[in-house]
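To start, the structure itself, in structure tokens.
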Amino acid sequence: MDCREVFQKAGVPNDRCSQISKSKPGCSCESESVSTHSPGPVGDSEELARLIYSPFHIDVETGEVTEAAFSDAKDKGLSVQRMAHATNTRIRTIGENKLARDHAQGKTDREFLGIVTGGVDSIRGLTHGNSERAFCVYDSALPDVPSHADVCQTTASRSEMKRARKKLRDLFSYKPFMP
């Protein structure tokens, strides 16, 4: 089964990342397009933007982004935008549209605060305690969002995975800003 098939078969369940990691270990699918809507594999020199929403992703006392903003990497995939493939206006619109969908579903306690950014090369450089790569970055473009990508954590012990997510958080800017 090729990488695109593995990614599509994994779908969007809460264990998508572990399914991909088991089927295609070692981040082997990073070098291929896993979406038909993709502009191509994510390059090491790219910057990624994580959309930040209050109150879930932010420490209200410090205004800094918390590790919780990166927890999706462990299971369903950390949704990010490839800044090389979207304008600031487009990224802002994506964030505002998600907020509008949440509000329409009765989730009115949320606020879109902007983005934090981090480099793909740094993300790919993180390892678990055994020197195995901790995160893979996939070009998971969506039909209406070709700049979409996912950061997926590879499997390790629970404590190693938690330490790696803290390191992932530290690679991104600390305070959100509006693109």
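Naming scheme: A, B, ... for chains in displayed order of the structure tokens; residues 1 onward per chain; ligands 1 onward as shown.
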- Excluding same-chain residues fewer than 6 positions from A:Tyr53, what lies within 12 Å of it counting only C-alpha atoms, as a PyMOL selection string? chain A and resi 59-60+63-66+68-70+95-96+98-99+102+107-116+175-178
- Shell of 12 Å around A:Ala86, only C-alpha atoms, local chain residues under 6 positions omitted, as JSON, numbers by chain: {"A": [39, 46, 47, 48, 49, 80, 92, 93, 94, 141, 144, 145, 146, 147, 148, 149, 179]}
- Can you tell me, as JSON, numbers by chain, what residues are no more than 10 Å from A:Ser122 when counting only C-alpha atoms, ignoring any on the same chain fewer than 3 positions away? {"A": [44, 45, 47, 118, 119, 125, 126, 168, 171, 172]}
- Task: Give the alpha helix (DSSP H) residues of chain A, as DSSP finds them on the backbone, and put them as JSON, numbers by chain.
- Result: {"A": [3, 4, 5, 6, 7, 8, 9, 10, 16, 17, 18, 19, 20, 21, 22, 23, 88, 89, 90, 91, 92, 93, 94, 95, 96, 97, 98, 99, 100, 101, 102, 103, 104, 120, 121, 122, 123, 124, 125, 158, 159, 160, 161, 162, 163, 164, 165, 166, 167, 168, 169, 170, 171]}
- Mind pulling up the distance from atom CA of A:Val42 to atom CA of A:Asp2?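 About the pair atom CA of A:Asp2 and atom CA of A:Val42: they are 17.5 Å apart.
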- Item | Nearest-residue call for A:Ser23, choices A:Phe135, A:Tyr174, A:Phe7, A:Phe56, using only C-alpha atoms |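 Looking at the shortest contact to A:Ser23, the residue is A:Phe7.
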- Run DSSP on the backbone of this structure and report the residues of stretch 32-176 of chain A it assigns to strand (DSSP E), as a PyMOL selection string. chain A and resi 47-54+78-82+111-119+135-138+148-153
Just write the chosen residues, N, CA and C atoms, as a compact mmCIF listing (two decimals), in the first residue's frame.
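So part27.txt came out as:
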```txt
# COMPACT_ATOMS: atom_id res chain seq x y z
N GLU A 47 8.16 27.07 7.02
CA GLU A 47 7.61 27.51 8.30
C GLU A 47 6.16 27.05 8.36
N LEU A 48 5.75 26.60 9.54
CA LEU A 48 4.38 26.17 9.77
C LEU A 48 3.69 27.12 10.75
N ALA A 49 2.40 27.28 10.57
CA ALA A 49 1.60 28.12 11.46
C ALA A 49 0.54 27.25 12.13
N ARG A 50 0.48 27.32 13.45
CA ARG A 50 -0.55 26.62 14.24
C ARG A 50 -1.56 27.67 14.65
N LEU A 51 -2.84 27.44 14.34
CA LEU A 51 -3.91 28.36 14.74
C LEU A 51 -4.16 28.21 16.23
N ILE A 52 -4.31 29.33 16.92
CA ILE A 52 -4.44 29.32 18.38
C ILE A 52 -5.80 29.89 18.78
N TYR A 53 -6.48 29.15 19.66
CA TYR A 53 -7.80 29.55 20.14
C TYR A 53 -7.78 29.62 21.66
N SER A 54 -8.43 30.64 22.18
CA SER A 54 -8.60 30.79 23.62
C SER A 54 -9.94 30.18 23.97
N LEU A 78 -1.58 17.08 14.34
CA LEU A 78 -1.59 18.51 14.67
C LEU A 78 -1.78 19.28 13.38
N SER A 79 -2.93 19.91 13.25
CA SER A 79 -3.27 20.66 12.06
C SER A 79 -2.48 21.96 12.02
N VAL A 80 -1.77 22.17 10.91
CA VAL A 80 -0.96 23.38 10.72
C VAL A 80 -1.13 23.87 9.28
N GLN A 81 -0.70 25.10 9.06
CA GLN A 81 -0.71 25.69 7.72
C GLN A 81 0.72 25.88 7.24
N ARG A 82 0.96 25.57 6.00
CA ARG A 82 2.26 25.77 5.37
C ARG A 82 2.32 27.22 4.90
N GLU A 111 -12.25 31.95 21.14
CA GLU A 111 -11.81 33.16 20.45
C GLU A 111 -10.56 32.82 19.65
N PHE A 112 -10.51 33.26 18.40
CA PHE A 112 -9.33 33.04 17.56
C PHE A 112 -8.32 34.14 17.89
N LEU A 113 -7.15 33.73 18.37
CA LEU A 113 -6.13 34.69 18.81
C LEU A 113 -5.04 34.94 17.77
N GLY A 114 -4.94 34.06 16.78
CA GLY A 114 -3.90 34.20 15.77
C GLY A 114 -3.12 32.91 15.62
N ILE A 115 -1.82 33.04 15.34
CA ILE A 115 -0.98 31.88 15.07
C ILE A 115 0.32 31.93 15.86
N VAL A 116 0.93 30.77 15.97
CA VAL A 116 2.33 30.66 16.40
C VAL A 116 3.03 29.92 15.27
N THR A 117 4.32 30.19 15.09
CA THR A 117 5.04 29.60 13.97
C THR A 117 6.26 28.81 14.43
N GLY A 118 6.61 27.82 13.62
CA GLY A 118 7.78 27.00 13.90
C GLY A 118 8.34 26.43 12.61
N GLY A 119 9.61 26.06 12.62
CA GLY A 119 10.29 25.55 11.44
C GLY A 119 10.24 24.04 11.33
N PHE A 135 8.65 13.27 15.50
CA PHE A 135 7.54 13.84 14.73
C PHE A 135 7.78 13.73 13.23
N CYS A 136 6.69 13.49 12.52
CA CYS A 136 6.69 13.48 11.06
C CYS A 136 5.80 14.63 10.61
N VAL A 137 6.10 15.21 9.46
CA VAL A 137 5.30 16.32 8.93
C VAL A 137 4.79 15.90 7.55
N TYR A 138 3.46 15.80 7.43
CA TYR A 138 2.84 15.32 6.20
C TYR A 138 2.06 16.44 5.50
N HIS A 148 -2.77 23.02 4.02
CA HIS A 148 -2.90 22.23 5.25
C HIS A 148 -1.83 21.14 5.33
N ALA A 149 -1.29 20.94 6.52
CA ALA A 149 -0.36 19.85 6.79
C ALA A 149 -0.65 19.32 8.19
N ASP A 150 -0.11 18.16 8.50
CA ASP A 150 -0.26 17.55 9.82
C ASP A 150 1.10 17.19 10.38
N VAL A 151 1.28 17.45 11.67
CA VAL A 151 2.44 16.99 12.40
C VAL A 151 1.97 15.80 13.22
N CYS A 152 2.57 14.64 13.00
CA CYS A 152 2.19 13.43 13.72
C CYS A 152 3.36 12.94 14.57
N GLN A 153 3.04 12.59 15.80
CA GLN A 153 4.06 12.07 16.70
C GLN A 153 4.22 10.58 16.46
```
- Determine the nearest neighbour of A:Arg133 from the options A:Cys3, A:Asp75, A:Gln8, A:Pro25, counting only C-alpha atoms.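 The closest residue to A:Arg133 is A:Pro25.
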- Query: A:Val6, A:Ala164, A:Val120, A:Ala134: which is nearest A:Pro41, counting only C-alpha atoms?
  - Reply: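 Between A:Val6, A:Ala164, A:Val120, A:Ala134, the residue approaching A:Pro41 most closely is A:Val120.
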- Which residues, written as an NGL selection string, have at least one atom at most 8 Å from A:Thr155, with only C-alpha atoms counted and residues fewer than 6 positions away on the same chain left out? :A and (18 or 21 or 134 or 161)
- Query: Can you tell me how far atom CA of A:Arg101 sits from atom CA of A:Val34, in Å to one decimal?
  - Reply: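 Straight-line distance from atom CA of A:Arg101 to atom CA of A:Val34 works out to 26.2 Å.
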- Query: What separation in Å, quoted to one decimal, exists between atom CA of A:Arg124 and atom CA of A:Thr62?
  - Reply: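 Computing the Euclidean distance for atom CA of A:Arg124 and atom CA of A:Thr62 yields 28.1 Å.
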- Item | Selected residue of minimal separation from A:Ser71 among A:Thr89, A:Asn14, A:Asn130, A:Thr36, counting only C-alpha atoms | A:Asn14
